Amino acid sequence: EESDDLVRGIVGSTVLDMGGADLDDESYPSPSMSMGPLPEALICCHDDFIVAVIRRKGLVFAYDFSSGDLVLVGKSGLGQYVVDAAIRSGNADGDAEVVLLLCESDDQKDGRIATVHISRVDGVTSQYLSSI
């Protein structure tokens with residue numbers, strides 16, 4: 001049974017498995033931005049998907065919360081600093097897609113758009129679209 005009541009407090013938590021990497025290891029330099037490099041993580045939610053993006057590591061973690069527990073659907077390493085992220089419905093029913101603005105490693109004034117497709121069936125796949 002669904003409820004429209006707002007739940008306050010912690011309803012789930014998890015530790016992000018970054019493969020044994022320290023936050024200071026293999027970090028991508030942040031471009032100069034008016035908002036600075038904070039926050040270090042972005043959280044995007046759509047339906048039962050919760051996505052955590054570690055900006056300076058270029059990592060995306062996608063979780064399914066439909067059972068009331070955080071279940072890792074998959075993760076993706078983008079290889080670039082993440083400037084911003086948003087989430088939207090995917091092409092298939094029940095899927096989602098994260099759209100990310102990445103900073104080019106060799107020219108911090110240049111950017112690239114990437115998408116990460118999230119599916120309960122197929123996991124997580126990423127695609128680089130174009131340079132802007």
# chains A, B, ... in the order shown; residues from 1 in each chain; ligands from 1

$ residues_around --residues "A:Thr125" --least-positions-apart "5" --cutoff "10 Å" --atoms "only C-alpha atoms" --output "VMD selection string"
chain A and resid 74 to 76 97 115 to 119

$ write_last_selection --atoms "N, CA and C atoms" --output "short mmCIF file (atom, residue, chain, number, x, y, z; two decimals), in the first residue's frame"
data_model
loop_
_atom_site.label_atom_id
_atom_site.label_comp_id
_atom_site.auth_asym_id
_atom_site.auth_seq_id
_atom_site.Cartn_x
_atom_site.Cartn_y
_atom_site.Cartn_z
N GLY A 74 23.99 -1.42 -10.16
CA GLY A 74 25.26 -1.38 -10.85
C GLY A 74 25.98 -0.09 -10.62
N LYS A 75 27.23 -0.04 -11.07
CA LYS A 75 28.01 1.19 -10.97
C LYS A 75 28.78 1.38 -12.26
N SER A 76 29.14 2.64 -12.50
CA SER A 76 29.85 2.98 -13.73
C SER A 76 30.93 4.00 -13.42
N GLU A 97 17.28 7.00 -16.59
CA GLU A 97 18.48 7.44 -17.26
C GLU A 97 19.03 8.67 -16.54
N THR A 115 25.29 9.76 -20.73
CA THR A 115 24.08 9.20 -20.13
C THR A 115 24.42 7.85 -19.51
N VAL A 116 23.76 7.56 -18.42
CA VAL A 116 23.88 6.25 -17.78
C VAL A 116 22.48 5.67 -17.72
N HIS A 117 22.29 4.55 -18.40
CA HIS A 117 20.99 3.87 -18.44
C HIS A 117 20.91 2.89 -17.28
N ILE A 118 19.81 2.95 -16.54
CA ILE A 118 19.61 2.08 -15.37
C ILE A 118 18.40 1.19 -15.61
N SER A 119 18.63 -0.12 -15.50
CA SER A 119 17.57 -1.10 -15.70
C SER A 119 17.69 -2.18 -14.63
#

$ select_by_dssp --residues "stretch 71-110 of chain A" --states "strand (DSSP E)" --output "VMD selection string"
chain A and resid 71 to 77 81 to 89 96 to 103

$ write_last_selection --atoms "N, CA and C atoms" --output "compact mmCIF listing (two decimals), in the first residue's frame"
# COMPACT_ATOMS: atom_id res chain seq x y z
N VAL A 71 19.41 -1.91 -2.92
CA VAL A 71 20.01 -3.02 -3.65
C VAL A 71 20.78 -2.42 -4.83
N LEU A 72 22.09 -2.69 -4.88
CA LEU A 72 22.92 -2.15 -5.95
C LEU A 72 22.51 -2.75 -7.29
N VAL A 73 22.12 -1.89 -8.22
CA VAL A 73 21.79 -2.31 -9.58
C VAL A 73 23.08 -2.37 -10.39
N GLY A 74 23.99 -1.42 -10.16
CA GLY A 74 25.26 -1.38 -10.85
C GLY A 74 25.98 -0.09 -10.62
N LYS A 75 27.23 -0.04 -11.07
CA LYS A 75 28.01 1.19 -10.97
C LYS A 75 28.78 1.38 -12.26
N SER A 76 29.14 2.64 -12.50
CA SER A 76 29.85 2.98 -13.73
C SER A 76 30.93 4.00 -13.42
N GLY A 77 32.12 3.78 -13.95
CA GLY A 77 33.21 4.74 -13.86
C GLY A 77 33.28 5.54 -15.14
N TYR A 81 35.63 14.21 -14.37
CA TYR A 81 34.96 14.94 -13.30
C TYR A 81 33.51 15.19 -13.70
N VAL A 82 32.57 15.00 -12.77
CA VAL A 82 31.15 15.22 -13.04
C VAL A 82 30.77 16.61 -12.54
N VAL A 83 30.38 17.48 -13.45
CA VAL A 83 29.98 18.84 -13.09
C VAL A 83 28.57 18.83 -12.52
N ASP A 84 27.64 18.16 -13.20
CA ASP A 84 26.25 18.13 -12.74
C ASP A 84 25.57 16.87 -13.27
N ALA A 85 24.43 16.53 -12.65
CA ALA A 85 23.69 15.34 -13.05
C ALA A 85 22.20 15.55 -12.82
N ALA A 86 21.40 14.88 -13.63
CA ALA A 86 19.94 14.88 -13.49
C ALA A 86 19.45 13.50 -13.88
N ILE A 87 18.24 13.15 -13.45
CA ILE A 87 17.69 11.83 -13.75
C ILE A 87 16.32 12.00 -14.40
N ARG A 88 16.00 11.07 -15.30
CA ARG A 88 14.72 11.09 -16.01
C ARG A 88 14.28 9.67 -16.29
N SER A 89 13.06 9.52 -16.79
CA SER A 89 12.56 8.20 -17.17
C SER A 89 13.37 7.66 -18.33
N ALA A 96 15.40 4.00 -15.89
CA ALA A 96 15.73 5.41 -15.68
C ALA A 96 17.03 5.72 -16.41
N GLU A 97 17.28 7.00 -16.59
CA GLU A 97 18.48 7.44 -17.26
C GLU A 97 19.03 8.67 -16.54
N VAL A 98 20.32 8.61 -16.22
CA VAL A 98 21.00 9.75 -15.61
C VAL A 98 21.74 10.49 -16.72
N VAL A 99 21.54 11.79 -16.80
CA VAL A 99 22.22 12.63 -17.79
C VAL A 99 23.25 13.45 -17.01
N LEU A 100 24.51 13.37 -17.46
CA LEU A 100 25.60 14.00 -16.72
C LEU A 100 26.38 14.96 -17.60
N LEU A 101 26.82 16.06 -17.01
CA LEU A 101 27.74 16.98 -17.67
C LEU A 101 29.12 16.69 -17.09
N LEU A 102 30.03 16.28 -17.97
CA LEU A 102 31.39 15.93 -17.55
C LEU A 102 32.36 17.00 -18.00
N CYS A 103 33.42 17.17 -17.24
CA CYS A 103 34.49 18.10 -17.59
C CYS A 103 35.54 17.34 -18.37

$ residues_around --residues "A:Val51" --least-positions-apart "6" --cutoff "9 Å" --atoms "only C-alpha atoms" --output "NGL selection string"
:A and (42-45 or 60-64 or 87 or 98)

$ write_last_selection --atoms "C-alpha atoms" --output "compact mmCIF listing (two decimals), in the first residue's frame"
# COMPACT_ATOMS: atom_id res chain seq x y z
CA LEU A 42 25.14 14.32 -6.07
CA ILE A 43 22.04 12.25 -5.29
CA CYS A 44 19.35 11.77 -7.94
CA CYS A 45 16.07 9.90 -7.37
CA VAL A 60 27.95 6.54 -10.55
CA PHE A 61 26.21 4.08 -8.19
CA ALA A 62 22.61 3.07 -8.96
CA TYR A 63 20.38 1.47 -6.32
CA ASP A 64 16.89 -0.01 -6.41
CA ILE A 87 17.69 11.83 -13.75
CA VAL A 98 21.00 9.75 -15.61

$ closest_residue --among "A:Tyr28, A:Ser67, A:Asp48, A:Met18" --to "A:Gly79" --atoms "only C-alpha atoms"
A:Tyr28

$ atom_distance --atom1 "atom CA of A:Leu38" --atom2 "atom CA of A:Arg55"
9.0 Å

$ atom_distance --atom1 "atom CA of A:Ile54" --atom2 "atom CA of A:Glu40"
6.2 Å

$ atom_distance --atom1 "atom CA of A:Ser30" --atom2 "atom CA of A:Ile50"
24.1 Å
